[in-house]
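What follows is the content of protein_16.txt (compact mmCIF, C-alpha atoms).
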```txt
# COMPACT_ATOMS: atom_id res chain seq x y z
CA MET F 1 4.64 16.38 -40.61
CA THR F 2 2.56 13.31 -41.51
CA ALA F 3 2.53 10.59 -38.89
CA LEU F 4 3.87 7.16 -39.83
CA VAL F 5 0.89 5.48 -38.13
CA PRO F 6 -2.68 5.54 -39.50
CA SER F 7 -5.25 7.35 -37.37
CA PRO F 8 -7.13 6.79 -35.29
CA VAL F 9 -5.39 4.25 -33.07
CA ARG F 10 -7.48 2.49 -30.41
CA ILE F 11 -5.47 1.42 -27.34
CA ILE F 12 -7.19 -1.26 -25.27
CA GLY F 13 -5.62 -1.33 -21.83
CA THR F 14 -4.16 1.85 -20.37
CA GLY F 15 -1.54 0.60 -17.94
CA LEU F 16 2.15 1.47 -18.11
CA ILE F 17 2.72 0.16 -21.65
CA GLY F 18 -0.63 1.17 -23.14
CA GLY F 19 -0.42 4.56 -21.50
CA SER F 20 3.12 5.16 -22.69
CA LEU F 21 2.19 4.15 -26.23
CA GLY F 22 -0.67 6.63 -26.15
CA LEU F 23 1.51 9.45 -24.87
CA ALA F 24 4.14 8.78 -27.53
CA LEU F 25 1.61 8.59 -30.35
CA VAL F 26 -0.27 11.71 -29.26
CA ARG F 27 3.04 13.56 -29.20
CA ALA F 28 3.61 12.35 -32.78
CA GLY F 29 0.28 13.78 -33.90
CA VAL F 30 -1.73 10.54 -34.01
CA ASP F 31 -5.39 10.52 -32.96
CA VAL F 32 -5.59 8.08 -30.05
CA GLN F 33 -8.71 6.51 -28.57
CA VAL F 34 -8.41 4.79 -25.17
CA GLU F 35 -10.36 1.94 -23.66
CA ASP F 36 -9.89 0.12 -20.37
CA ALA F 37 -11.79 -2.43 -18.29
CA SER F 38 -11.71 0.13 -15.47
CA PRO F 39 -13.63 3.34 -16.26
CA GLY F 40 -11.60 5.13 -13.62
CA THR F 41 -8.32 4.10 -15.23
CA ALA F 42 -9.57 5.18 -18.64
CA ALA F 43 -10.64 8.57 -17.25
CA LEU F 44 -7.23 9.03 -15.61
CA ALA F 45 -5.53 8.14 -18.89
CA VAL F 46 -7.51 10.88 -20.62
CA GLU F 47 -6.52 13.41 -17.93
CA LEU F 48 -2.87 12.45 -18.38
CA GLY F 49 -3.03 13.02 -22.15
CA VAL F 50 -2.90 9.38 -23.27
CA GLY F 51 -5.84 9.86 -25.65
CA GLU F 52 -9.58 10.46 -25.77
CA LEU F 53 -12.57 8.35 -24.84
CA PRO F 54 -14.36 7.44 -28.11
CA GLY F 55 -17.95 8.56 -28.35
CA GLU F 56 -20.73 6.76 -30.19
CA ASP F 57 -19.94 8.68 -33.38
CA ALA F 58 -16.17 8.17 -33.14
CA PRO F 59 -14.54 6.87 -36.35
CA ASP F 60 -13.49 3.26 -36.44
CA PRO F 61 -9.82 2.73 -35.64
CA ALA F 62 -7.33 1.97 -38.38
CA LEU F 63 -5.02 0.27 -35.89
CA VAL F 64 -5.87 -1.38 -32.58
CA LEU F 65 -3.18 -2.00 -29.95
CA VAL F 66 -4.15 -4.47 -27.24
CA ALA F 67 -2.04 -3.74 -24.17
CA ALA F 68 -3.23 -6.48 -21.85
CA PRO F 69 -1.68 -9.47 -20.04
CA PRO F 70 -1.08 -12.63 -22.09
CA ASP F 71 -3.94 -14.55 -20.49
CA VAL F 72 -6.59 -12.16 -21.84
CA ALA F 73 -4.82 -10.72 -24.90
CA ALA F 74 -6.14 -13.34 -27.36
CA MET F 75 -9.73 -12.73 -26.29
CA LEU F 76 -9.36 -8.97 -26.66
CA VAL F 77 -7.61 -9.28 -30.03
CA ASP F 78 -10.41 -11.53 -31.32
CA ARG F 79 -13.02 -9.07 -30.10
CA ALA F 80 -11.23 -6.21 -31.86
CA LEU F 81 -10.90 -8.15 -35.11
CA ARG F 82 -14.65 -8.83 -35.11
CA SER F 83 -15.60 -5.30 -34.04
CA TRP F 84 -13.55 -3.44 -36.65
CA PRO F 85 -13.29 -5.55 -39.82
CA ARG F 86 -11.04 -3.06 -41.61
CA ALA F 87 -8.56 -2.47 -38.79
CA LEU F 88 -5.16 -4.01 -38.22
CA VAL F 89 -4.90 -5.42 -34.70
CA ALA F 90 -1.71 -5.97 -32.71
CA ASP F 91 -1.11 -7.03 -29.15
CA VAL F 92 1.90 -5.86 -27.16
CA ALA F 93 1.97 -8.63 -24.55
CA SER F 94 5.39 -9.85 -23.45
CA VAL F 95 4.73 -13.46 -24.54
CA LYS F 96 3.69 -14.22 -28.11
CA SER F 97 3.11 -17.98 -28.59
CA THR F 98 0.36 -18.09 -25.95
CA VAL F 99 -1.49 -15.20 -27.60
CA LEU F 100 -1.12 -16.58 -31.12
CA ASP F 101 -2.22 -20.08 -30.10
CA GLY F 102 -5.20 -18.70 -28.21
CA LEU F 103 -6.19 -16.54 -31.15
CA ARG F 104 -5.97 -19.39 -33.64
CA ALA F 105 -8.30 -21.39 -31.42
CA ARG F 106 -11.00 -18.73 -31.35
CA ALA F 107 -10.65 -16.30 -34.27
CA ARG F 108 -12.25 -16.61 -37.70
CA ALA F 109 -9.76 -17.68 -40.35
CA GLU F 110 -10.53 -14.63 -42.50
CA ASP F 111 -9.59 -12.30 -39.62
CA LEU F 112 -6.15 -13.74 -38.86
CA PRO F 113 -4.26 -11.87 -41.65
CA ARG F 114 -5.12 -8.59 -39.90
CA TYR F 115 -3.41 -9.69 -36.67
CA ILE F 116 0.26 -9.21 -35.89
CA GLY F 117 2.13 -9.55 -32.62
CA ALA F 118 4.42 -6.92 -31.15
CA HIS F 119 6.48 -6.40 -28.03
CA PRO F 120 8.07 -3.05 -27.11
CA MET F 121 11.00 -4.04 -24.91
CA ALA F 122 10.67 -1.43 -22.20
CA GLY F 123 9.23 -1.16 -18.74
CA ARG F 124 9.60 0.20 -15.24
CA GLU F 125 9.48 -1.25 -11.73
CA VAL F 126 6.34 0.81 -11.12
CA SER F 127 3.12 0.00 -12.94
CA GLY F 128 -0.10 1.72 -13.96
CA VAL F 129 -0.93 4.61 -16.23
CA ILE F 130 0.32 7.08 -13.64
CA ALA F 131 3.84 5.78 -14.39
CA ALA F 132 3.45 6.10 -18.18
CA ARG F 133 6.05 8.12 -20.08
CA ALA F 134 6.11 9.32 -23.66
CA ASP F 135 9.84 8.54 -23.91
CA LEU F 136 9.63 5.03 -22.42
CA PHE F 137 10.42 3.35 -25.75
CA GLN F 138 13.14 5.70 -26.97
CA GLY F 139 16.08 3.67 -28.26
CA ARG F 140 14.55 0.39 -27.10
CA PRO F 141 13.96 -2.69 -29.26
CA PHE F 142 10.48 -3.11 -30.70
CA VAL F 143 9.89 -6.73 -31.67
CA ILE F 144 7.46 -7.35 -34.53
CA VAL F 145 6.07 -10.90 -34.49
CA PRO F 146 4.19 -11.84 -37.65
CA HIS F 147 2.68 -15.27 -38.22
CA ALA F 148 2.35 -17.31 -41.39
CA ASP F 149 -0.88 -15.60 -42.49
CA THR F 150 -0.07 -12.00 -41.52
CA ASP F 151 -0.92 -9.42 -44.17
CA PRO F 152 2.42 -7.91 -45.34
CA ARG F 153 1.06 -4.37 -44.94
CA ALA F 154 0.81 -5.00 -41.19
CA LEU F 155 4.59 -5.25 -40.98
CA GLY F 156 4.93 -1.84 -42.59
CA VAL F 157 2.44 -0.29 -40.17
CA LEU F 158 4.25 -1.78 -37.17
CA ARG F 159 7.62 -0.59 -38.45
CA GLY F 160 6.09 2.87 -38.75
CA LEU F 161 4.79 2.59 -35.19
CA ALA F 162 8.25 1.62 -33.94
CA ALA F 163 9.81 4.59 -35.71
CA GLU F 164 7.15 6.96 -34.42
CA ILE F 165 7.77 6.04 -30.76
CA GLY F 166 11.56 6.13 -31.17
CA SER F 167 12.17 2.38 -31.02
CA VAL F 168 14.39 0.09 -33.07
CA ALA F 169 12.32 -2.48 -34.96
CA THR F 170 13.34 -6.12 -35.22
CA THR F 171 11.37 -9.14 -36.44
CA LEU F 172 11.12 -12.60 -34.85
CA ASP F 173 8.69 -15.48 -34.99
CA ALA F 174 6.74 -16.26 -31.83
CA PRO F 175 8.83 -19.20 -30.49
CA SER F 176 12.10 -17.34 -31.11
CA HIS F 177 10.72 -14.28 -29.37
CA ASP F 178 9.63 -16.26 -26.32
CA ILE F 179 12.96 -18.00 -25.75
CA ALA F 180 14.75 -14.69 -26.31
CA VAL F 181 12.73 -12.84 -23.68
CA ALA F 182 13.16 -15.78 -21.31
CA HIS F 183 16.91 -15.17 -21.50
CA VAL F 184 16.94 -11.38 -21.34
CA SER F 185 13.87 -10.55 -19.22
CA HIS F 186 11.93 -13.35 -17.57
CA VAL F 187 14.75 -15.41 -16.06
CA PRO F 188 16.55 -12.26 -14.82
CA GLN F 189 13.32 -11.37 -13.01
CA VAL F 190 13.18 -14.81 -11.36
CA LEU F 191 16.84 -14.71 -10.32
CA SER F 192 16.58 -11.15 -9.02
CA SER F 193 13.53 -12.11 -6.96
CA LEU F 194 15.29 -15.21 -5.63
CA LEU F 195 18.25 -13.12 -4.55
CA ALA F 196 16.07 -10.45 -2.96
CA ALA F 197 14.14 -13.14 -1.07
CA THR F 198 17.37 -14.08 0.75
CA LEU F 199 17.38 -10.59 2.29
CA ILE F 200 14.36 -11.29 4.49
CA ASP F 201 16.43 -13.03 7.20
CA PRO F 202 19.56 -10.84 7.72
CA ASP F 203 19.41 -8.25 10.50
CA GLU F 204 19.71 -4.49 9.98
CA ALA F 205 23.43 -4.50 10.75
CA ALA F 206 24.07 -6.94 7.93
CA LEU F 207 21.92 -5.03 5.46
CA GLY F 208 23.75 -1.84 6.40
CA LEU F 209 26.79 -3.30 4.61
CA ALA F 210 24.92 -3.52 1.29
CA GLY F 211 26.68 -1.97 -1.68
CA GLN F 212 25.83 -1.02 -5.22
CA GLY F 213 26.24 -4.58 -6.47
CA LEU F 214 23.31 -5.76 -4.36
CA ARG F 215 21.19 -2.82 -5.50
CA ASP F 216 22.02 -3.51 -9.13
CA THR F 217 21.16 -7.20 -8.95
CA THR F 218 17.92 -6.77 -6.99
CA ARG F 219 16.54 -3.64 -8.69
CA ILE F 220 13.97 -5.47 -10.78
CA ALA F 221 12.84 -7.63 -7.85
CA ASP F 222 10.58 -4.75 -6.81
CA SER F 223 8.02 -5.63 -9.48
CA ASP F 224 4.28 -6.35 -9.60
CA PRO F 225 3.68 -9.98 -8.46
CA ARG F 226 0.33 -10.23 -10.25
CA LEU F 227 1.79 -9.17 -13.57
CA TRP F 228 4.75 -11.52 -13.29
CA VAL F 229 2.60 -14.51 -12.37
CA GLU F 230 0.82 -14.01 -15.70
CA ILE F 231 4.02 -13.47 -17.68
CA LEU F 232 5.91 -16.44 -16.22
CA GLY F 233 2.89 -18.70 -16.52
CA ALA F 234 2.40 -17.76 -20.17
CA ASN F 235 6.09 -18.39 -20.99
CA ALA F 236 6.59 -21.33 -18.63
CA GLY F 237 8.19 -23.63 -21.21
CA ALA F 238 10.90 -21.22 -22.34
CA VAL F 239 11.60 -19.98 -18.80
CA SER F 240 11.90 -23.58 -17.55
CA GLU F 241 14.33 -24.39 -20.34
CA VAL F 242 16.66 -21.51 -19.44
CA LEU F 243 16.35 -22.13 -15.70
CA GLY F 244 17.32 -25.75 -16.31
CA GLY F 245 20.73 -24.53 -17.44
CA VAL F 246 20.94 -22.24 -14.42
CA ARG F 247 20.14 -25.18 -12.14
CA GLU F 248 22.95 -27.26 -13.65
CA ARG F 249 25.47 -24.47 -13.06
CA LEU F 250 24.16 -23.90 -9.55
CA GLU F 251 24.57 -27.58 -8.72
CA GLU F 252 28.17 -27.42 -9.93
CA VAL F 253 28.82 -24.41 -7.72
CA MET F 254 27.18 -26.05 -4.71
CA ALA F 255 29.28 -29.19 -5.20
CA ALA F 256 32.46 -27.11 -5.43
CA LEU F 257 31.61 -25.13 -2.31
CA GLU F 258 30.76 -28.27 -0.35
CA THR F 259 34.10 -29.80 -1.34
CA LEU F 260 35.98 -26.67 -0.29
CA GLN F 261 34.12 -26.55 3.00
CA GLY F 262 34.98 -30.15 3.81
CA ASP F 263 38.59 -30.05 2.66
CA PRO F 264 40.67 -26.83 2.77
CA ASP F 265 43.01 -28.28 0.14
CA PRO F 266 40.88 -30.39 -2.21
CA GLY F 267 43.05 -29.82 -5.25
CA THR F 268 42.31 -27.53 -8.17
CA GLY F 269 39.02 -28.96 -9.45
CA SER F 270 36.65 -27.11 -7.11
CA ARG F 271 38.43 -23.81 -7.41
CA ARG F 272 38.53 -24.20 -11.16
CA ALA F 273 34.75 -24.74 -11.21
CA LEU F 274 34.20 -21.46 -9.38
CA ALA F 275 36.69 -19.62 -11.58
CA ASP F 276 35.05 -21.02 -14.71
CA LEU F 277 31.65 -19.76 -13.55
CA VAL F 278 32.92 -16.22 -12.99
CA ALA F 279 34.89 -16.24 -16.26
CA THR F 280 31.87 -17.49 -18.19
CA GLY F 281 29.85 -14.71 -16.60
CA ASN F 282 32.46 -12.22 -17.79
CA ARG F 283 32.00 -13.43 -21.35
CA GLY F 284 28.23 -13.29 -21.03
CA VAL F 285 28.24 -9.71 -19.76
CA ARG F 286 30.42 -8.62 -22.67
CA ARG F 287 27.85 -9.97 -25.11
CA ILE F 288 25.19 -7.53 -23.90
CA PRO F 289 24.85 -4.94 -26.68
CA GLY F 290 25.76 -1.35 -26.02
CA LYS F 291 24.05 1.72 -27.35
CA HIS F 292 25.52 1.17 -30.83
CA GLY F 293 24.15 -2.36 -31.03
CA GLY F 294 27.39 -4.33 -30.71
CA ALA F 295 28.83 -6.20 -27.77
CA THR F 296 30.74 -4.23 -25.16
CA ASP F 297 34.18 -5.81 -25.61
CA ALA F 298 35.56 -2.52 -26.92
CA TRP F 299 34.48 -0.55 -23.85
CA SER F 300 36.54 0.49 -20.85
CA VAL F 301 35.18 1.75 -17.56
CA VAL F 302 36.90 4.69 -15.91
CA VAL F 303 35.93 5.20 -12.26
CA VAL F 304 36.00 8.80 -11.10
CA LEU F 305 35.56 9.98 -7.50
CA LEU F 306 32.67 12.45 -7.46
CA PRO F 307 32.47 14.92 -4.54
CA ASP F 308 29.04 15.03 -2.90
CA ARG F 309 28.32 18.62 -3.86
CA PRO F 310 25.79 20.22 -6.19
CA GLY F 311 27.00 20.57 -9.76
CA GLU F 312 29.87 18.07 -9.61
CA LEU F 313 28.29 15.56 -11.98
CA ALA F 314 27.52 18.32 -14.48
CA ARG F 315 31.14 19.52 -14.22
CA LEU F 316 32.45 15.99 -14.86
CA LEU F 317 30.26 15.50 -17.91
CA THR F 318 31.28 18.91 -19.25
CA ASP F 319 34.96 18.04 -18.83
CA ILE F 320 34.51 14.69 -20.60
CA GLY F 321 32.85 16.50 -23.50
CA GLN F 322 35.59 19.11 -23.68
CA ILE F 323 38.22 16.37 -23.72
CA GLY F 324 36.45 14.99 -26.77
CA VAL F 325 35.51 11.55 -25.46
CA ASN F 326 32.09 10.08 -26.23
CA LEU F 327 30.20 8.72 -23.23
CA GLU F 328 28.85 5.22 -23.86
CA ASP F 329 27.26 4.68 -20.45
CA LEU F 330 27.26 6.13 -16.94
CA ARG F 331 26.51 4.48 -13.59
CA LEU F 332 26.58 6.31 -10.25
CA GLU F 333 27.43 4.62 -6.96
CA HIS F 334 26.91 6.43 -3.66
CA GLU F 335 26.91 4.57 -0.37
CA LEU F 336 25.51 5.68 2.98
CA GLY F 337 27.90 7.89 4.91
CA ARG F 338 30.40 8.26 2.09
CA GLY F 339 31.45 11.81 1.27
CA VAL F 340 32.09 11.01 -2.36
CA GLY F 341 30.31 9.04 -5.01
CA LEU F 342 31.81 6.92 -7.76
CA ALA F 343 31.03 7.64 -11.38
CA HIS F 344 31.56 4.57 -13.56
CA VAL F 345 32.14 6.07 -17.01
CA SER F 346 32.03 3.65 -19.96
CA ILE F 347 33.96 4.79 -23.02
CA ASP F 348 35.71 3.47 -26.11
CA ALA F 349 38.67 1.45 -24.83
CA ALA F 350 40.99 3.25 -27.24
CA ARG F 351 40.26 6.54 -25.43
CA GLU F 352 40.85 5.31 -21.89
CA ASP F 353 44.42 6.60 -21.51
CA LEU F 354 43.47 10.01 -22.92
CA LEU F 355 40.47 10.41 -20.62
CA THR F 356 42.32 9.20 -17.52
CA ARG F 357 45.23 11.56 -18.14
CA GLU F 358 43.11 14.59 -19.00
CA LEU F 359 40.74 14.16 -16.05
CA ALA F 360 43.68 13.89 -13.66
CA ASP F 361 45.11 17.10 -15.14
CA ARG F 362 41.77 18.82 -14.44
CA GLY F 363 41.87 17.81 -10.79
CA TRP F 364 39.67 14.71 -10.84
CA LYS F 365 40.68 11.67 -8.82
CA VAL F 366 40.53 8.62 -11.07
CA ALA F 367 40.56 5.26 -9.34
CA ASP F 368 43.87 3.41 -9.78
CA ALA F 369 45.26 6.36 -11.75
```
What does the file become when written as structure tokens?
Amino acid sequence: MTALVPSPVRIIGTGLIGGSLGLALVRAGVDVQVEDASPGTAALAVELGVGELPGEDAPDPALVLVAAPPDVAAMLVDRALRSWPRALVADVASVKSTVLDGLRARARAEDLPRYIGAHPMAGREVSGVIAARADLFQGRPFVIVPHADTDPRALGVLRGLAAEIGSVATTLDAPSHDIAVAHVSHVPQVLSSLLAATLIDPDEAALGLAGQGLRDTTRIADSDPRLWVEILGANAGAVSEVLGGVRERLEEVMAALETLQGDPDPGTGSRRALADLVATGNRGVRRIPGKHGGATDAWSVVVVLLPDRPGELARLLTDIGQIGVNLEDLRLEHELGRGVGLAHVSIDAAREDLLTRELADRGWKVADA
């Protein structure tokens, strides 16, 4: 089968994203060349199957993917445009305006049509090529970010790249992309880190009470500080804009809590402010798209008690399939010392009664059933 991406592809930067792109493209039959500022990292990438080190007689790349932090991406893109005058060049940094502005300040005007921005919306808490996975981008958005002078054929190549790695392509301009990722990625990182930072002071007895909610909300706090300094600095304007709204809501909550603390019966205003915050959060959560692309209003969550024995999860999933209900999402919760886990099964709301009834008939304990 012919690959949708022209060969060879040169990947500059073989960390998590660059390495995962290489693994996915090699699996699709694309010839991949790898390059990294660290010879040791490049050699490891080759050993892991990300691609090959190009020799002196290696063919020029048809497509160059710069997988580097935003602060150096423009320089590397400009170098690639000058080095390979027939190649399309894309960067996959997580901030686009900074890269585009930096490139316009340094690149030759005749080279700019061969540049296009991109951002595969995927990642892991661990970094480096050792964490790279060929399936990292499966089912994830792949944002294509053209500029006013982008050659139209570059959009087709990037759409082919998205399809080849299993992603879902979407197109945004650079400012729209940056405010979008501030909302869905960068501000969540800041808030998760802020919350996790409050866990430095509590003693072990207090932390022993931690549940799944705390794990869920602090999961991404365990990220690379150096990487995030670069990302947040490059997208400072958009992140500040979103955090400004967070600060306003936080001040409202603080005022309500201070009123309640000083007066046990202050009237309804303070309680209403807290209720409004939680209710607004409910509406926000329901706007997060599910696997079919729409918001999750039509989902229901059925909570099933899962015995802590080998094979129980497989048995539950088999039973759900035999009942004929499609699984939208699954989250497992298992606390220290508990003999059972909780399986939070997200399904079409119209199938909730059927699934609850049928699981109970098969011997499963369904919460509140």
Students should find that CA of Asp329 (chain F) and CA of His344 (chain F) are spaced 8.1 Å
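Checking F:Ser223, F:Ser193, F:Thr198, F:Thr217 one by one against Gly128 (chain F), counting all atoms listed in the file, you find the shortest gap at F:Ser223.
Non-sequential neighbours of Ser38 (chain F) (distance at most 10 Å, separation of 4 or more positions within a chain, all atoms listed in the file) are F:Gly13, F:Thr14, F:Ala42, F:Ala43, F:Leu44.
Interatomic distance, CA of Asp57 (chain F) to CA of Ala73 (chain F): 26.0 Å.
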Skipping near chain neighbours, those fewer than 2 positions away, what residues fall within 7 Å of Asp308 (chain F) using only C-alpha atoms, listed as a PyMOL selection string?
chain F and resi 306+310+339-341
| message | Excluding region 351-353 of chain F and its own-chain neighbours fewer than 3 positions away, which residues fall within 8 Å of it when counting only C-alpha atoms? Please give them as a count of residues only. | response | 8
Counting all atoms listed in the file, closest pick from F:Val246, F:Leu257, F:Ile17, F:Leu274 relative to Arg124 (chain F) is F:Ile17
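One finds CA of Leu136 (chain F) at 25.9 Å from CA of Gly321 (chain F).
Of the residues under consideration (F:Ala87, F:Ile11, F:Val34, F:Ala134), F:Ile11 shows the shortest atom-to-atom contact distance to Val66 (chain F) when counting all atoms listed in the file.
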- Hey, what's within 6 Å of region 156-166 of chain F if we count all atoms listed in the file and toss same-chain stuff fewer than 2 positions away? As an MDAnalysis selection string, please? chainID F and resid 4:5 24 138:139 153:154 169
Could N, CA and C atoms be built for region 82-112 of chain F and written out as an mmCIF file, keeping the file's coordinate frame?
```cif
data_model
loop_
_atom_site.group_PDB
_atom_site.id
_atom_site.type_symbol
_atom_site.label_atom_id
_atom_site.label_comp_id
_atom_site.auth_asym_id
_atom_site.auth_seq_id
_atom_site.Cartn_x
_atom_site.Cartn_y
_atom_site.Cartn_z
ATOM 1 N N ARG F 82 -13.226 -8.710 -34.732
ATOM 2 C CA ARG F 82 -14.650 -8.830 -35.110
ATOM 3 C C ARG F 82 -15.341 -7.471 -35.097
ATOM 4 N N SER F 83 -14.930 -6.591 -34.178
ATOM 5 C CA SER F 83 -15.600 -5.300 -34.040
ATOM 6 C C SER F 83 -15.253 -4.337 -35.169
ATOM 7 N N TRP F 84 -14.007 -4.387 -35.642
ATOM 8 C CA TRP F 84 -13.550 -3.440 -36.650
ATOM 9 C C TRP F 84 -12.936 -4.222 -37.811
ATOM 10 N N PRO F 85 -13.740 -4.632 -38.765
ATOM 11 C CA PRO F 85 -13.290 -5.550 -39.820
ATOM 12 C C PRO F 85 -12.293 -4.953 -40.806
ATOM 13 N N ARG F 86 -12.030 -3.671 -40.728
ATOM 14 C CA ARG F 86 -11.040 -3.060 -41.610
ATOM 15 C C ARG F 86 -9.745 -2.696 -40.885
ATOM 16 N N ALA F 87 -9.711 -2.896 -39.585
ATOM 17 C CA ALA F 87 -8.560 -2.470 -38.790
ATOM 18 C C ALA F 87 -7.502 -3.564 -38.703
ATOM 19 N N LEU F 88 -6.236 -3.124 -38.631
ATOM 20 C CA LEU F 88 -5.160 -4.010 -38.220
ATOM 21 C C LEU F 88 -5.156 -4.074 -36.696
ATOM 22 N N VAL F 89 -4.865 -5.239 -36.152
ATOM 23 C CA VAL F 89 -4.900 -5.420 -34.700
ATOM 24 C C VAL F 89 -3.577 -6.049 -34.260
ATOM 25 N N ALA F 90 -2.953 -5.444 -33.282
ATOM 26 C CA ALA F 90 -1.710 -5.970 -32.710
ATOM 27 C C ALA F 90 -1.840 -6.032 -31.202
ATOM 28 N N ASP F 91 -1.216 -7.028 -30.609
ATOM 29 C CA ASP F 91 -1.110 -7.030 -29.150
ATOM 30 C C ASP F 91 0.340 -6.739 -28.785
ATOM 31 N N VAL F 92 0.552 -6.192 -27.609
ATOM 32 C CA VAL F 92 1.900 -5.860 -27.160
ATOM 33 C C VAL F 92 2.255 -6.625 -25.890
ATOM 34 N N ALA F 93 1.641 -7.797 -25.706
ATOM 35 C CA ALA F 93 1.970 -8.630 -24.550
ATOM 36 C C ALA F 93 3.407 -9.120 -24.649
ATOM 37 N N SER F 94 3.979 -9.481 -23.495
ATOM 38 C CA SER F 94 5.390 -9.850 -23.450
ATOM 39 C C SER F 94 5.650 -11.304 -23.802
ATOM 40 N N VAL F 95 4.596 -12.083 -24.078
ATOM 41 C CA VAL F 95 4.730 -13.460 -24.540
ATOM 42 C C VAL F 95 3.862 -13.595 -25.788
ATOM 43 N N LYS F 96 4.395 -14.237 -26.827
ATOM 44 C CA LYS F 96 3.690 -14.220 -28.110
ATOM 45 C C LYS F 96 3.051 -15.565 -28.476
ATOM 46 N N SER F 97 3.672 -16.694 -28.175
ATOM 47 C CA SER F 97 3.110 -17.980 -28.590
ATOM 48 C C SER F 97 1.752 -18.223 -27.941
ATOM 49 N N THR F 98 1.630 -17.889 -26.656
ATOM 50 C CA THR F 98 0.360 -18.090 -25.950
ATOM 51 C C THR F 98 -0.753 -17.293 -26.608
ATOM 52 N N VAL F 99 -0.469 -16.049 -26.969
ATOM 53 C CA VAL F 99 -1.490 -15.200 -27.600
ATOM 54 C C VAL F 99 -1.862 -15.743 -28.973
ATOM 55 N N LEU F 100 -0.845 -16.090 -29.772
ATOM 56 C CA LEU F 100 -1.120 -16.580 -31.120
ATOM 57 C C LEU F 100 -1.891 -17.898 -31.082
ATOM 58 N N ASP F 101 -1.505 -18.809 -30.204
ATOM 59 C CA ASP F 101 -2.220 -20.080 -30.100
ATOM 60 C C ASP F 101 -3.661 -19.869 -29.652
ATOM 61 N N GLY F 102 -3.845 -18.981 -28.671
ATOM 62 C CA GLY F 102 -5.200 -18.700 -28.210
ATOM 63 C C GLY F 102 -6.051 -18.060 -29.280
ATOM 64 N N LEU F 103 -5.443 -17.207 -30.090
ATOM 65 C CA LEU F 103 -6.190 -16.540 -31.150
ATOM 66 C C LEU F 103 -6.575 -17.520 -32.250
ATOM 67 N N ARG F 104 -5.658 -18.403 -32.607
ATOM 68 C CA ARG F 104 -5.970 -19.390 -33.640
ATOM 69 C C ARG F 104 -7.112 -20.309 -33.213
ATOM 70 N N ALA F 105 -7.240 -20.507 -31.915
ATOM 71 C CA ALA F 105 -8.300 -21.390 -31.420
ATOM 72 C C ALA F 105 -9.661 -20.740 -31.423
ATOM 73 N N ARG F 106 -9.705 -19.395 -31.484
ATOM 74 C CA ARG F 106 -11.000 -18.730 -31.350
ATOM 75 C C ARG F 106 -11.356 -17.825 -32.525
ATOM 76 N N ALA F 107 -10.379 -17.303 -33.248
ATOM 77 C CA ALA F 107 -10.650 -16.300 -34.270
ATOM 78 C C ALA F 107 -11.135 -16.942 -35.571
ATOM 79 N N ARG F 108 -11.851 -16.170 -36.365
ATOM 80 C CA ARG F 108 -12.250 -16.610 -37.700
ATOM 81 C C ARG F 108 -11.027 -16.583 -38.612
ATOM 82 N N ALA F 109 -10.926 -17.557 -39.481
ATOM 83 C CA ALA F 109 -9.760 -17.680 -40.350
ATOM 84 C C ALA F 109 -9.557 -16.419 -41.194
ATOM 85 N N GLU F 110 -10.658 -15.810 -41.645
ATOM 86 C CA GLU F 110 -10.530 -14.630 -42.500
ATOM 87 C C GLU F 110 -10.028 -13.400 -41.755
ATOM 88 N N ASP F 111 -10.065 -13.446 -40.393
ATOM 89 C CA ASP F 111 -9.590 -12.300 -39.620
ATOM 90 C C ASP F 111 -8.094 -12.372 -39.301
ATOM 91 N N LEU F 112 -7.529 -13.571 -39.324
ATOM 92 C CA LEU F 112 -6.150 -13.740 -38.860
ATOM 93 C C LEU F 112 -5.114 -12.915 -39.636
#
```
